[in-house]
$ cat entry_23.csv   # CSV, C-alpha atoms and all ligand atoms
chain,number,residue,atom,x,y,z
X,4,MET,CA,-3.8,7.7,-12.8
X,5,ALA,CA,-0.2,7.4,-11.7
X,6,LEU,CA,0.6,3.9,-12.9
X,7,THR,CA,-1.6,3.5,-16.0
X,8,ASP,CA,0.4,1.7,-18.7
X,9,LYS,CA,2.6,0.1,-16.1
X,10,VAL,CA,2.7,-3.6,-15.6
X,11,ALA,CA,3.4,-4.9,-12.0
X,12,LEU,CA,4.1,-8.4,-10.7
X,13,VAL,CA,3.3,-9.1,-7.0
X,14,THR,CA,4.4,-12.3,-5.3
X,15,GLY,CA,2.4,-13.8,-2.4
X,16,ALA,CA,-0.6,-11.9,-3.7
X,17,GLY,CA,-3.2,-14.3,-2.3
X,18,ARG,CA,-3.7,-12.7,1.1
X,19,GLY,CA,-2.4,-10.2,3.6
X,20,ILE,CA,0.1,-7.5,2.5
X,21,GLY,CA,0.6,-8.9,-1.0
X,22,LYS,CA,-3.2,-8.8,-1.6
X,23,ALA,CA,-3.4,-5.2,-0.3
X,24,ILE,CA,-0.5,-4.2,-2.5
X,25,SER,CA,-2.1,-5.8,-5.6
X,26,LEU,CA,-5.4,-4.0,-5.0
X,27,ALA,CA,-3.6,-0.7,-4.3
X,28,LEU,CA,-1.5,-0.9,-7.5
X,29,ALA,CA,-4.6,-1.8,-9.6
X,30,GLY,CA,-6.4,1.1,-7.8
X,31,VAL,CA,-3.9,3.6,-9.3
X,32,GLY,CA,-4.2,2.1,-12.7
X,33,ALA,CA,-1.5,-0.6,-12.9
X,34,THR,CA,-2.0,-3.8,-14.8
X,35,VAL,CA,-1.2,-6.5,-12.2
X,36,ALA,CA,0.2,-10.0,-12.5
X,37,LEU,CA,-0.5,-12.0,-9.3
X,38,ALA,CA,1.9,-14.8,-8.3
X,39,GLU,CA,0.9,-17.1,-5.4
X,40,ILE,CA,1.5,-20.7,-4.3
X,41,ASP,CA,-2.1,-21.2,-3.1
X,42,ALA,CA,-4.6,-21.6,-5.9
X,43,GLU,CA,-7.7,-20.7,-3.9
X,44,THR,CA,-6.5,-17.3,-2.5
X,45,LEU,CA,-4.9,-16.5,-5.8
X,46,GLU,CA,-8.2,-16.8,-7.6
X,47,ALA,CA,-10.0,-14.7,-4.9
X,48,THR,CA,-7.5,-11.9,-5.2
X,49,ALA,CA,-7.7,-12.1,-9.0
X,50,SER,CA,-11.4,-11.6,-8.9
X,51,GLU,CA,-11.1,-8.6,-6.6
X,52,VAL,CA,-8.5,-7.0,-8.9
X,53,GLY,CA,-10.8,-7.8,-11.8
X,54,ALA,CA,-13.7,-6.0,-10.1
X,55,LEU,CA,-11.5,-2.8,-10.1
X,56,GLY,CA,-11.6,-2.9,-13.9
X,57,ARG,CA,-7.9,-3.4,-14.4
X,58,PRO,CA,-6.4,-6.3,-16.5
X,59,SER,CA,-4.8,-8.9,-14.3
X,60,LEU,CA,-3.2,-12.3,-14.6
X,61,ALA,CA,-3.1,-15.1,-12.0
X,62,VAL,CA,0.0,-17.3,-12.0
X,63,GLN,CA,0.3,-20.2,-9.5
X,64,ALA,CA,3.9,-20.3,-8.6
X,65,ASP,CA,6.3,-21.3,-5.8
X,66,ILE,CA,8.8,-18.5,-5.3
X,67,GLY,CA,11.3,-20.9,-3.9
X,68,ASN,CA,11.6,-22.7,-7.3
X,69,LEU,CA,13.6,-21.0,-10.1
X,70,VAL,CA,11.6,-22.8,-12.8
X,71,ASP,CA,8.4,-21.2,-11.4
X,72,ILE,CA,10.1,-17.8,-11.1
X,73,ASP,CA,11.0,-17.9,-14.8
X,74,ARG,CA,7.5,-19.0,-15.7
X,75,MET,CA,5.7,-16.3,-13.7
X,76,VAL,CA,7.8,-13.5,-15.3
X,77,GLN,CA,7.5,-15.0,-18.8
X,78,GLU,CA,3.8,-15.4,-18.5
X,79,THR,CA,3.5,-11.8,-17.4
X,80,VAL,CA,5.6,-10.5,-20.3
X,81,ASP,CA,3.7,-12.8,-22.8
X,82,ALA,CA,0.3,-11.5,-21.5
X,83,PHE,CA,1.1,-7.8,-21.3
X,84,GLY,CA,4.1,-7.3,-23.4
X,85,ARG,CA,6.3,-5.9,-20.7
X,86,ILE,CA,7.1,-5.7,-17.0
X,87,ASP,CA,7.8,-2.4,-15.1
X,88,ILE,CA,7.4,-3.2,-11.4
X,89,LEU,CA,8.2,-6.2,-9.2
X,90,VAL,CA,7.0,-6.4,-5.6
X,91,ASN,CA,8.8,-9.3,-3.8
X,92,ASN,CA,6.3,-9.9,-1.0
X,93,ALA,CA,6.0,-13.7,-0.6
X,94,GLY,CA,7.4,-14.8,2.7
X,95,VAL,CA,7.2,-17.6,5.3
X,96,THR,CA,8.0,-17.9,9.0
X,97,ARG,CA,7.0,-19.5,12.2
X,98,TYR,CA,7.8,-18.5,15.8
X,99,ILE,CA,10.8,-20.6,17.0
X,100,GLN,CA,13.0,-20.0,19.9
X,101,PHE,CA,16.7,-19.7,19.1
X,102,MET,CA,17.8,-23.1,20.5
X,103,ASP,CA,14.9,-24.8,18.7
X,104,VAL,CA,15.7,-23.7,15.1
X,105,ARG,CA,16.4,-26.8,13.0
X,106,GLU,CA,18.2,-27.0,9.7
X,107,GLU,CA,14.8,-27.7,7.9
X,108,ASP,CA,13.4,-24.5,9.4
X,109,TRP,CA,16.4,-22.5,8.2
X,110,ASP,CA,16.1,-24.0,4.7
X,111,ARG,CA,12.4,-23.6,4.4
X,112,ILE,CA,12.5,-19.9,5.4
X,113,HIS,CA,15.6,-18.9,3.3
X,114,ARG,CA,14.4,-20.8,0.3
X,115,VAL,CA,11.4,-18.4,-0.1
X,116,ASN,CA,12.4,-15.2,1.7
X,117,ALA,CA,16.0,-14.8,0.6
X,118,LYS,CA,16.6,-17.1,-2.4
X,119,GLY,CA,13.2,-16.5,-3.9
X,120,ALA,CA,13.5,-12.7,-3.6
X,121,PHE,CA,16.9,-12.7,-5.1
X,122,PHE,CA,16.2,-14.8,-8.1
X,123,SER,CA,12.9,-13.0,-8.8
X,124,MET,CA,14.8,-9.7,-8.9
X,125,GLN,CA,17.5,-11.2,-11.2
X,126,ARG,CA,14.9,-12.7,-13.6
X,127,VAL,CA,12.7,-9.5,-13.7
X,128,ALA,CA,15.8,-7.3,-14.2
X,129,LYS,CA,16.7,-9.3,-17.3
X,130,ASP,CA,13.4,-8.1,-19.0
X,131,MET,CA,13.7,-4.6,-17.6
X,132,ILE,CA,17.2,-4.2,-19.0
X,133,ARG,CA,16.0,-5.6,-22.4
X,134,GLN,CA,13.1,-3.2,-22.5
X,135,GLY,CA,15.5,-0.3,-21.8
X,136,GLU,CA,13.0,1.9,-20.0
X,137,GLY,CA,14.0,1.4,-16.4
X,138,GLY,CA,11.8,-0.2,-13.6
X,139,ARG,CA,11.0,-0.5,-10.0
X,140,ILE,CA,11.7,-3.3,-7.5
X,141,VAL,CA,10.2,-3.2,-4.1
X,142,ASN,CA,11.3,-5.9,-1.6
X,143,ILE,CA,9.2,-6.6,1.5
X,144,ALA,CA,11.7,-7.2,4.3
X,145,SER,CA,10.8,-6.8,8.0
X,146,ILE,CA,11.9,-4.8,11.1
X,147,ALA,CA,13.1,-8.3,12.3
X,148,GLY,CA,15.9,-7.8,9.8
X,149,LYS,CA,16.9,-4.6,11.7
X,150,GLY,CA,17.1,-6.2,15.1
X,151,TYR,CA,13.4,-6.0,16.4
X,152,GLN,CA,12.8,-9.0,18.6
X,153,GLY,CA,9.0,-9.6,18.1
X,154,ALA,CA,7.3,-12.9,17.1
X,155,SER,CA,10.3,-13.8,15.0
X,156,ASN,CA,13.1,-16.4,14.8
X,157,ALA,CA,16.8,-16.2,14.0
X,158,ALA,CA,16.3,-17.8,10.6
X,159,TYR,CA,13.6,-15.4,9.6
X,160,ALA,CA,15.5,-12.4,10.9
X,161,ALA,CA,18.6,-13.5,9.0
X,162,SER,CA,16.5,-14.0,5.8
X,163,LYS,CA,15.1,-10.4,6.1
X,164,GLY,CA,18.6,-9.1,6.8
X,165,ALA,CA,19.6,-10.8,3.6
X,166,VAL,CA,16.7,-9.0,1.8
X,167,ILE,CA,17.9,-5.6,3.1
X,168,SER,CA,21.5,-6.2,2.0
X,169,MET,CA,20.6,-7.7,-1.4
X,170,THR,CA,18.4,-4.5,-2.0
X,171,THR,CA,21.5,-2.3,-1.7
X,172,ASN,CA,23.6,-4.5,-4.0
X,173,ALA,CA,20.8,-4.7,-6.6
X,174,ALA,CA,20.2,-0.9,-6.4
X,175,HIS,CA,23.9,-0.3,-7.0
X,176,GLN,CA,24.2,-2.7,-9.9
X,177,LEU,CA,20.9,-1.9,-11.6
X,178,GLY,CA,21.0,1.9,-11.1
X,179,GLY,CA,22.7,2.3,-14.5
X,180,HIS,CA,19.6,0.9,-16.1
X,181,ASP,CA,17.3,3.3,-14.3
X,182,ILE,CA,16.0,0.4,-12.2
X,183,ASN,CA,15.3,1.5,-8.6
X,184,VAL,CA,15.4,-1.1,-5.9
X,185,ASN,CA,14.1,-0.3,-2.4
X,186,ALA,CA,12.8,-2.3,0.6
X,187,ILE,CA,10.0,-1.9,3.1
X,188,CYS,CA,10.3,-3.1,6.7
X,189,PRO,CA,6.8,-3.6,8.0
X,190,GLY,CA,6.2,-3.8,11.7
X,191,VAL,CA,3.4,-5.6,13.4
X,192,THR,CA,0.9,-6.0,10.6
X,193,LEU,CA,-2.7,-7.4,11.0
X,194,THR,CA,-2.6,-10.3,8.5
X,195,GLU,CA,-3.3,-14.0,8.8
X,196,GLY,CA,0.5,-14.8,8.7
X,197,GLY,CA,1.3,-12.2,11.3
X,198,ARG,CA,-1.5,-13.4,13.6
X,199,ASN,CA,-0.4,-17.1,13.3
X,200,THR,CA,3.2,-16.2,14.2
X,201,ARG,CA,2.1,-14.2,17.2
X,202,ALA,CA,-0.2,-16.9,18.4
X,203,GLN,CA,2.7,-19.4,18.1
X,204,ARG,CA,4.8,-17.2,20.3
X,205,ALA,CA,1.9,-16.8,22.9
X,206,GLU,CA,1.5,-20.6,22.9
X,207,GLN,CA,5.2,-21.3,23.5
X,208,GLN,CA,5.8,-18.5,26.0
X,209,GLY,CA,2.7,-18.8,28.2
X,210,GLY,CA,2.2,-15.4,29.7
X,211,ALA,CA,3.2,-13.6,26.5
X,212,VAL,CA,-0.5,-13.0,25.5
X,213,ALA,CA,-0.8,-9.8,27.6
X,214,ALA,CA,2.5,-8.5,26.2
X,215,GLU,CA,1.2,-9.3,22.8
X,216,GLN,CA,-1.9,-7.2,23.3
X,217,GLN,CA,0.3,-4.4,24.5
X,218,THR,CA,2.4,-4.6,21.4
X,219,LEU,CA,-0.6,-4.5,19.1
X,220,SER,CA,-2.1,-1.3,20.6
X,221,GLY,CA,1.0,0.5,22.0
X,222,PRO,CA,2.6,1.7,24.2
X,223,ASP,CA,5.6,0.0,22.4
X,224,ILE,CA,4.4,1.6,19.1
X,225,PRO,CA,4.6,5.4,19.4
X,226,ILE,CA,1.8,6.0,17.0
X,227,GLY,CA,-0.3,3.5,19.1
X,228,ARG,CA,-1.5,1.1,16.5
X,229,ALA,CA,-0.4,-1.9,14.5
X,230,ASN,CA,-0.4,-1.7,10.7
X,231,ASP,CA,-3.3,-2.6,8.5
X,232,PRO,CA,-1.9,-4.3,5.3
X,233,GLU,CA,-3.0,-1.1,3.5
X,234,ASP,CA,-0.4,0.9,5.4
X,235,VAL,CA,2.4,-1.1,3.8
X,236,ALA,CA,0.6,-1.0,0.4
X,237,ALA,CA,0.7,2.8,0.4
X,238,MET,CA,4.5,2.8,0.7
X,239,ALA,CA,4.8,0.1,-2.0
X,240,VAL,CA,2.7,2.2,-4.4
X,241,PHE,CA,4.8,5.3,-3.7
X,242,LEU,CA,8.0,3.3,-4.3
X,243,SER,CA,6.5,1.9,-7.5
X,244,GLY,CA,5.5,5.3,-8.9
X,245,PRO,CA,7.0,8.4,-10.5
X,246,GLY,CA,7.6,10.2,-7.1
X,247,SER,CA,10.3,7.8,-6.2
X,248,ARG,CA,12.4,8.2,-9.4
X,249,ASN,CA,15.5,9.4,-7.4
X,250,ILE,CA,15.2,7.0,-4.5
X,251,THR,CA,17.1,3.7,-4.6
X,252,GLY,CA,18.9,1.3,-2.2
X,253,GLN,CA,16.8,2.5,0.7
X,254,THR,CA,14.9,0.7,3.4
X,255,PHE,CA,11.7,2.2,4.9
X,256,ASN,CA,10.1,1.1,8.1
X,257,VAL,CA,6.3,1.1,8.1
X,258,ASP,CA,5.7,0.3,11.8
X,259,GLY,CA,4.1,3.2,13.7
X,260,GLY,CA,7.6,4.1,15.0
X,261,LEU,CA,8.3,0.8,16.6
X,262,VAL,CA,11.9,0.8,15.3
X,263,MET,CA,13.5,4.2,14.6
X,264,GLN,CA,16.5,3.4,12.5
B,301,LIG,N1,2.4,-9.5,9.0
B,301,LIG,C1,3.5,-9.0,9.6
B,301,LIG,O1,3.4,-8.6,10.8
B,301,LIG,C2,4.8,-8.8,8.9
B,301,LIG,C3,5.8,-8.0,9.5
B,301,LIG,C4,7.0,-7.8,8.8
B,301,LIG,C5,7.2,-8.4,7.5
B,301,LIG,N2,6.2,-9.1,6.9
B,301,LIG,C6,6.5,-9.7,5.6
B,301,LIG,O2,5.5,-9.3,4.7
B,301,LIG,C7,5.3,-10.3,3.7
B,301,LIG,C8,3.8,-10.7,3.7
B,301,LIG,O3,3.4,-11.1,5.0
B,301,LIG,P1,1.9,-11.4,5.4
B,301,LIG,O4,1.8,-11.0,6.8
B,301,LIG,O5,1.0,-10.8,4.4
B,301,LIG,O6,1.9,-13.0,5.3
B,301,LIG,P2,0.8,-14.0,4.9
B,301,LIG,O7,1.3,-15.4,5.4
B,301,LIG,O8,-0.5,-13.6,5.5
B,301,LIG,O9,0.8,-14.0,3.4
B,301,LIG,C9,1.9,-14.5,2.6
B,301,LIG,C10,1.4,-15.0,1.3
B,301,LIG,O10,2.6,-15.5,0.6
B,301,LIG,C11,2.2,-16.7,0.0
B,301,LIG,N3,3.4,-17.6,-0.1
B,301,LIG,C12,4.1,-18.2,0.9
B,301,LIG,N4,5.1,-19.0,0.3
B,301,LIG,C13,5.0,-18.8,-1.0
B,301,LIG,C14,5.8,-19.3,-2.1
B,301,LIG,N5,6.7,-20.2,-1.9
B,301,LIG,N6,5.5,-19.0,-3.3
B,301,LIG,C15,4.4,-18.1,-3.6
B,301,LIG,N7,3.7,-17.6,-2.6
B,301,LIG,C16,4.0,-17.9,-1.3
B,301,LIG,C17,1.2,-17.3,1.0
B,301,LIG,O11,0.5,-18.4,0.5
B,301,LIG,C18,0.4,-16.1,1.4
B,301,LIG,O12,-0.6,-15.9,0.5
B,301,LIG,C19,6.2,-11.4,4.1
B,301,LIG,O13,7.4,-11.3,3.3
B,301,LIG,C20,6.4,-11.2,5.5
B,301,LIG,O14,7.7,-11.7,6.0
B,301,LIG,C21,5.0,-9.3,7.6
$ encode --input "entry_23.csv" --output "structure tokens" --more "lines below"
Ligand SMILES: NC(=O)c1ccc[n+]([C@@H]2O[C@H](COP(=O)([O-])OP(=O)(O)OC[C@H]3O[C@@H](n4cnc5c(N)ncnc54)[C@H](O)[C@@H]3O)[C@@H](O)[C@H]2O)c1
Amino acid sequence: MALTDKVALVTGAGRGIGKAISLALAGVGATVALAEIDAETLEATASEVGALGRPSLAVQADIGNLVDIDRMVQETVDAFGRIDILVNNAGVTRYIQFMDVREEDWDRIHRVNAKGAFFSMQRVAKDMIRQGEGGRIVNIASIAGKGYQGASNAAYAASKGAVISMTTNAAHQLGGHDINVNAICPGVTLTEGGRNTRAQRAEQQGGAVAAEQQTLSGPDIPIGRANDPEDVAAMAVFLSGPGSRNITGQTFNVDGGLVMQ
């Protein structure tokens, strides 16, 4: 299998896109370390990965905390001897209209989505450079970071714009170590987090429910369907594998054509 002998670390692995990516990586042979703030969902994903017959490690960690970031990477390296792939997936949001975004909303969102992603990359790169055999980093951004105005908010959009721009800087600086850094911008994706945010928008905007149903099934989406988490996972597996060896600093939309840039 494509990723046998590779060790991957996935953040926010308890549910949604992170869980789908963890299972997909294990499905192509990777050994997967799962990092997640929620102990219950973490254990559930760990047992599903275990059922695929691949070694795995469950680390309860808060990605907004640098001590936890250091610990999750160190535990991965201690358990498996190395680290080859980081998928920066953990993210938080809430639907908030522009005039209602408070300082605490901004800080809560940026702490995980932007700061957490950056320092996870920096910490993992330290071990990848030490190993001297290259690596892959995949950052889960969002089409909200490219201007799509869905069930988002200004703080979330800015945090995902930050992920896109830190991807290019990291790709530039780490390229000499054969570490590829790319980002995925999912569109409307059928996860618990995505559903919660869209429900918050519908609640705050009254008549937005019908528009929401339209968005989920097209016609706004040219392909006519929202993402399953597995659609995003397929791109993450490609960017983690040998086929992407000459691709770095790029951002790929997985959104059924909702945003074409
Ligand atoms: N669902 C969508 O429509 C959509 C669209 C674009 C981008 N995204 C991005 O994809 C990623 C995954 O989204 P999802 O829809 O699966 O979300 P989700 O809320 O369903 O899952 C996110 C997971 O991350 C975990 N997490 C949150 N904060 C954490 C922290 N501080 N430390 C560790 N783990 C933490 C959560 O507990 C949860 O298990 C996020 O970065 C999100 O912004 C989602």
$ residues_near_ligand --input "entry_23.csv" --ligand "ligand LIG 301 (chain B)" --cutoff "8 Å" --atoms "all atoms listed in the file" --output "ChimeraX atom specification"
/X:14-22,38-41,44-45,63-68,91-96,115-116,119,143-147,159,163,188-198,230,232
$ closest_residue --input "entry_23.csv" --among "X:Phe83, X:Tyr151, X:Gln77, X:Asn156" --to "Ile112 (chain X)" --atoms "all atoms listed in the file"
X:Asn156
$ closest_atom_pairs --input "entry_23.csv" --of "region 15-92 of chain X" --to "region 181-186 of chain X" --cutoff "10 Å" --atoms "all atoms listed in the file" --output "JSON lines"
{"residue": "X:Asp87", "atom": "CA", "partner": "X:Ile182", "partner_atom": "CA", "distance": 9.1}
{"residue": "X:Ile88", "atom": "CA", "partner": "X:Ile182", "partner_atom": "CA", "distance": 9.4}
{"residue": "X:Leu89", "atom": "CA", "partner": "X:Val184", "partner_atom": "CA", "distance": 9.4}
{"residue": "X:Val90", "atom": "CA", "partner": "X:Ala186", "partner_atom": "CA", "distance": 9.4}
{"residue": "X:Asn91", "atom": "CA", "partner": "X:Ala186", "partner_atom": "CA", "distance": 9.2}
$ write_last_selection --input "entry_23.csv" --atoms "C-alpha atoms" --output "short mmCIF file (atom, residue, chain, number, x, y, z; two decimals), in the coordinates of the input"
data_model
loop_
_atom_site.label_atom_id
_atom_site.label_comp_id
_atom_site.auth_asym_id
_atom_site.auth_seq_id
_atom_site.Cartn_x
_atom_site.Cartn_y
_atom_site.Cartn_z
CA ASP X 87 7.80 -2.40 -15.10
CA ILE X 88 7.40 -3.20 -11.40
CA LEU X 89 8.20 -6.20 -9.20
CA VAL X 90 7.00 -6.40 -5.60
CA ASN X 91 8.80 -9.30 -3.80
#
$ closest_residue --input "entry_23.csv" --among "X:Val257, X:Gly164, X:Ser50, X:Asp231" --to "Gly150 (chain X)" --atoms "only C-alpha atoms"
X:Gly164
$ closest_residue --input "entry_23.csv" --among "X:Arg85, X:Ser155, X:Ala174, X:Trp109" --to "Met124 (chain X)" --atoms "all atoms listed in the file"
X:Ala174
$ closest_residue --input "entry_23.csv" --among "X:Val262, X:Met75, X:Leu12, X:Leu28" --to "Val52 (chain X)" --atoms "only C-alpha atoms"
X:Leu28
$ atom_distance --input "entry_23.csv" --atom1 "CA of Asp8 (chain X)" --atom2 "CA of Ala61 (chain X)"
18.4 Å
$ closest_residue --input "entry_23.csv" --among "X:Gly135, X:Ile250, X:Phe241, X:Thr48" --to "Ala5 (chain X)" --atoms "only C-alpha atoms"
X:Phe241
$ closest_residue --input "entry_23.csv" --among "X:Ser243, X:Gln208, X:Thr170, X:Ser123" --to "Ala27 (chain X)" --atoms "all atoms listed in the file"
X:Ser243
$ atom_distance --input "entry_23.csv" --atom1 "CA of Ala117 (chain X)" --atom2 "CA of Met169 (chain X)"
8.7 Å
$ decode --input "entry_23.csv" --residues "region 100-120 of chain X" --atoms "N, CA, C and O atoms" --output "tab-separated table (two decimals), in the first residue's frame"
chain	number	residue	atom	x	y	z
X	100	GLN	N	-22.67	37.16	12.68
X	100	GLN	CA	-22.70	38.23	11.70
X	100	GLN	C	-21.59	39.24	12.00
X	100	GLN	O	-21.15	39.38	13.15
X	101	PHE	N	-21.15	39.92	10.94
X	101	PHE	CA	-19.98	40.80	11.03
X	101	PHE	C	-20.01	41.72	12.26
X	101	PHE	O	-19.05	41.80	13.02
X	102	MET	N	-21.12	42.41	12.46
X	102	MET	CA	-21.19	43.40	13.54
X	102	MET	C	-21.24	42.77	14.93
X	102	MET	O	-21.10	43.47	15.94
X	103	ASP	N	-21.44	41.46	14.99
X	103	ASP	CA	-21.57	40.79	16.29
X	103	ASP	C	-20.30	40.04	16.72
X	103	ASP	O	-20.27	39.44	17.80
X	104	VAL	N	-19.27	40.04	15.89
X	104	VAL	CA	-18.04	39.31	16.27
X	104	VAL	C	-17.38	40.05	17.44
X	104	VAL	O	-17.10	41.25	17.37
X	105	ARG	N	-17.15	39.31	18.54
X	105	ARG	CA	-16.53	39.91	19.74
X	105	ARG	C	-15.06	39.49	19.81
X	105	ARG	O	-14.66	38.52	19.19
X	106	GLU	N	-14.32	40.19	20.62
X	106	GLU	CA	-12.89	39.88	20.78
X	106	GLU	C	-12.70	38.42	21.19
X	106	GLU	O	-11.83	37.72	20.70
X	107	GLU	N	-13.58	37.92	22.09
X	107	GLU	CA	-13.42	36.54	22.55
X	107	GLU	C	-13.69	35.53	21.42
X	107	GLU	O	-13.09	34.45	21.38
X	108	ASP	N	-14.60	35.89	20.48
X	108	ASP	CA	-14.83	35.01	19.31
X	108	ASP	C	-13.56	34.95	18.46
X	108	ASP	O	-13.11	33.89	18.03
X	109	TRP	N	-13.01	36.15	18.19
X	109	TRP	CA	-11.80	36.25	17.37
X	109	TRP	C	-10.68	35.41	17.99
X	109	TRP	O	-10.04	34.60	17.32
X	110	ASP	N	-10.46	35.58	19.31
X	110	ASP	CA	-9.35	34.89	19.98
X	110	ASP	C	-9.57	33.38	20.01
X	110	ASP	O	-8.63	32.60	19.78
X	111	ARG	N	-10.79	32.95	20.28
X	111	ARG	CA	-11.08	31.50	20.37
X	111	ARG	C	-10.83	30.83	19.02
X	111	ARG	O	-10.23	29.75	18.95
X	112	ILE	N	-11.24	31.49	17.94
X	112	ILE	CA	-11.12	30.90	16.60
X	112	ILE	C	-9.66	30.91	16.14
X	112	ILE	O	-9.14	29.91	15.63
X	113	HIS	N	-8.99	32.05	16.32
X	113	HIS	CA	-7.60	32.15	15.84
X	113	HIS	C	-6.65	31.29	16.67
X	113	HIS	O	-5.65	30.79	16.14
X	114	ARG	N	-6.97	31.10	17.94
X	114	ARG	CA	-6.11	30.28	18.82
X	114	ARG	C	-5.95	28.87	18.26
X	114	ARG	O	-4.86	28.30	18.27
X	115	VAL	N	-7.04	28.30	17.78
X	115	VAL	CA	-6.97	26.92	17.25
X	115	VAL	C	-6.63	26.94	15.75
X	115	VAL	O	-5.65	26.32	15.31
X	116	ASN	N	-7.42	27.66	14.96
X	116	ASN	CA	-7.32	27.55	13.51
X	116	ASN	C	-5.99	28.09	12.96
X	116	ASN	O	-5.40	27.49	12.05
X	117	ALA	N	-5.54	29.21	13.48
X	117	ALA	CA	-4.33	29.83	12.93
X	117	ALA	C	-3.10	29.52	13.79
X	117	ALA	O	-2.15	28.90	13.33
X	118	LYS	N	-3.16	29.88	15.08
X	118	LYS	CA	-1.99	29.64	15.94
X	118	LYS	C	-1.70	28.15	16.07
X	118	LYS	O	-0.55	27.72	15.94
X	119	GLY	N	-2.74	27.36	16.28
X	119	GLY	CA	-2.54	25.92	16.44
X	119	GLY	C	-1.94	25.29	15.20
X	119	GLY	O	-1.02	24.47	15.28
X	120	ALA	N	-2.46	25.69	14.03
X	120	ALA	CA	-1.94	25.12	12.78
X	120	ALA	C	-0.48	25.52	12.59
X	120	ALA	O	0.37	24.69	12.23
